[in-house]
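S.K.: This is the structure, below, for whatever I ask next.
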Amino acid sequence: VTVYKFTAIHGGVISHNMRGPGHVLSMGIQGDQVVVWALCHPDRAIVTRVFACVFTGQPLPEGSRGWRFVGTATTREGLVLHLFVQEHE
């Protein structure tokens, strides 16, 4: 199992294909990018993870059902971002 880094979008939704299990560890900001670290296994099947990155006061896409909180980070400008990953139903 290896830790990989993926990018997210400020105030948006993005999906990433990653090798299972694709367990999300944490998030942070590097430079101007929101990044996500996840456990991936290079020999396993590809799984798709969907991430929502919202600013404080902004609604989650499609309400809050199915989204699990990952973490919070602050940009250099002082804006606060919250990252969520969509859980499998």
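Residues in the structure tokens are named by chain (A, B, ... in the order shown) and by number from 1 within that chain; ligands are numbered from 1 in the order shown.
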Wanna dump the stretch 23-59 of chain A-stretch 2-12 of chain A contacts at 8 Å for me, each residue with its shortest atom pair and the distance in Å to one decimal, counting only C-alpha atoms, ordered by chain and number, as a tab-separated table?
M.R.:
```
residue	atom	partner	partner_atom	distance
A:Gln33	CA	A:Thr7	CA	6.8
A:Val34	CA	A:Ala8	CA	5.2
A:Val35	CA	A:Thr7	CA	4.4
A:Val36	CA	A:Phe6	CA	5.1
A:Trp37	CA	A:Lys5	CA	4.5
A:Ala38	CA	A:Val3	CA	5.5
A:Leu39	CA	A:Val3	CA	4.6
A:Cys40	CA	A:Thr2	CA	5.3
A:His41	CA	A:Thr2	CA	6.1
A:Pro42	CA	A:Thr2	CA	7.7
A:Phe51	CA	A:Ala8	CA	6.9
A:Ala52	CA	A:Gly12	CA	5.8
A:Cys53	CA	A:Gly11	CA	5.0
A:Val54	CA	A:Gly11	CA	4.4
A:Phe55	CA	A:Gly11	CA	5.9
```
S.K.: Compile the contact shell of A:Glu87 as a count of residues only: residues with an atom at most 8 Å away, counting only C-alpha atoms, same-chain residues fewer than 6 positions apart removed.
M.R.: 3
S.K.: Between A:Met27, A:Val1, A:Leu83, A:Val50, which has the minimum distance to A:Phe69 (counting only C-alpha atoms)?
M.R.: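 Residue with the minimum atom-to-atom distance to A:Phe69: A:Leu83.
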S.K.: Select from stretch 10-79 of chain A everything DSSP, run on the backbone, classes as strand (DSSP E), then give the selection as a PyMOL selection string.
M.R.: chain A and resi 12-19+21-30+33-40+46-55+67-74
S.K.: Hey, can you check how far atom CA of A:Gln86 sits from atom CA of A:Arg44?
M.R.: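 These atoms are spaced 20.2 Å apart.
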S.K.: To one decimal place in Å, what is the distance between atom CA of A:Ala73 and atom CA of A:Ile29?
M.R.: 6.7 Å
S.K.: Which residue gives the smallest distance to A:Gly28 among A:Ile46, A:Val70, A:Ile14, A:Leu79, with only C-alpha atoms counted?
M.R.: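 Ranking A:Ile46, A:Val70, A:Ile14, A:Leu79 by distance to A:Gly28, first place goes to A:Val70.
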S.K.: Which one is closest to A:Thr75: A:Gln30, A:Val24, A:Met18, A:Asp43? Count only C-alpha atoms.
M.R.: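 Residue with the minimum atom-to-atom distance to A:Thr75: A:Gln30.
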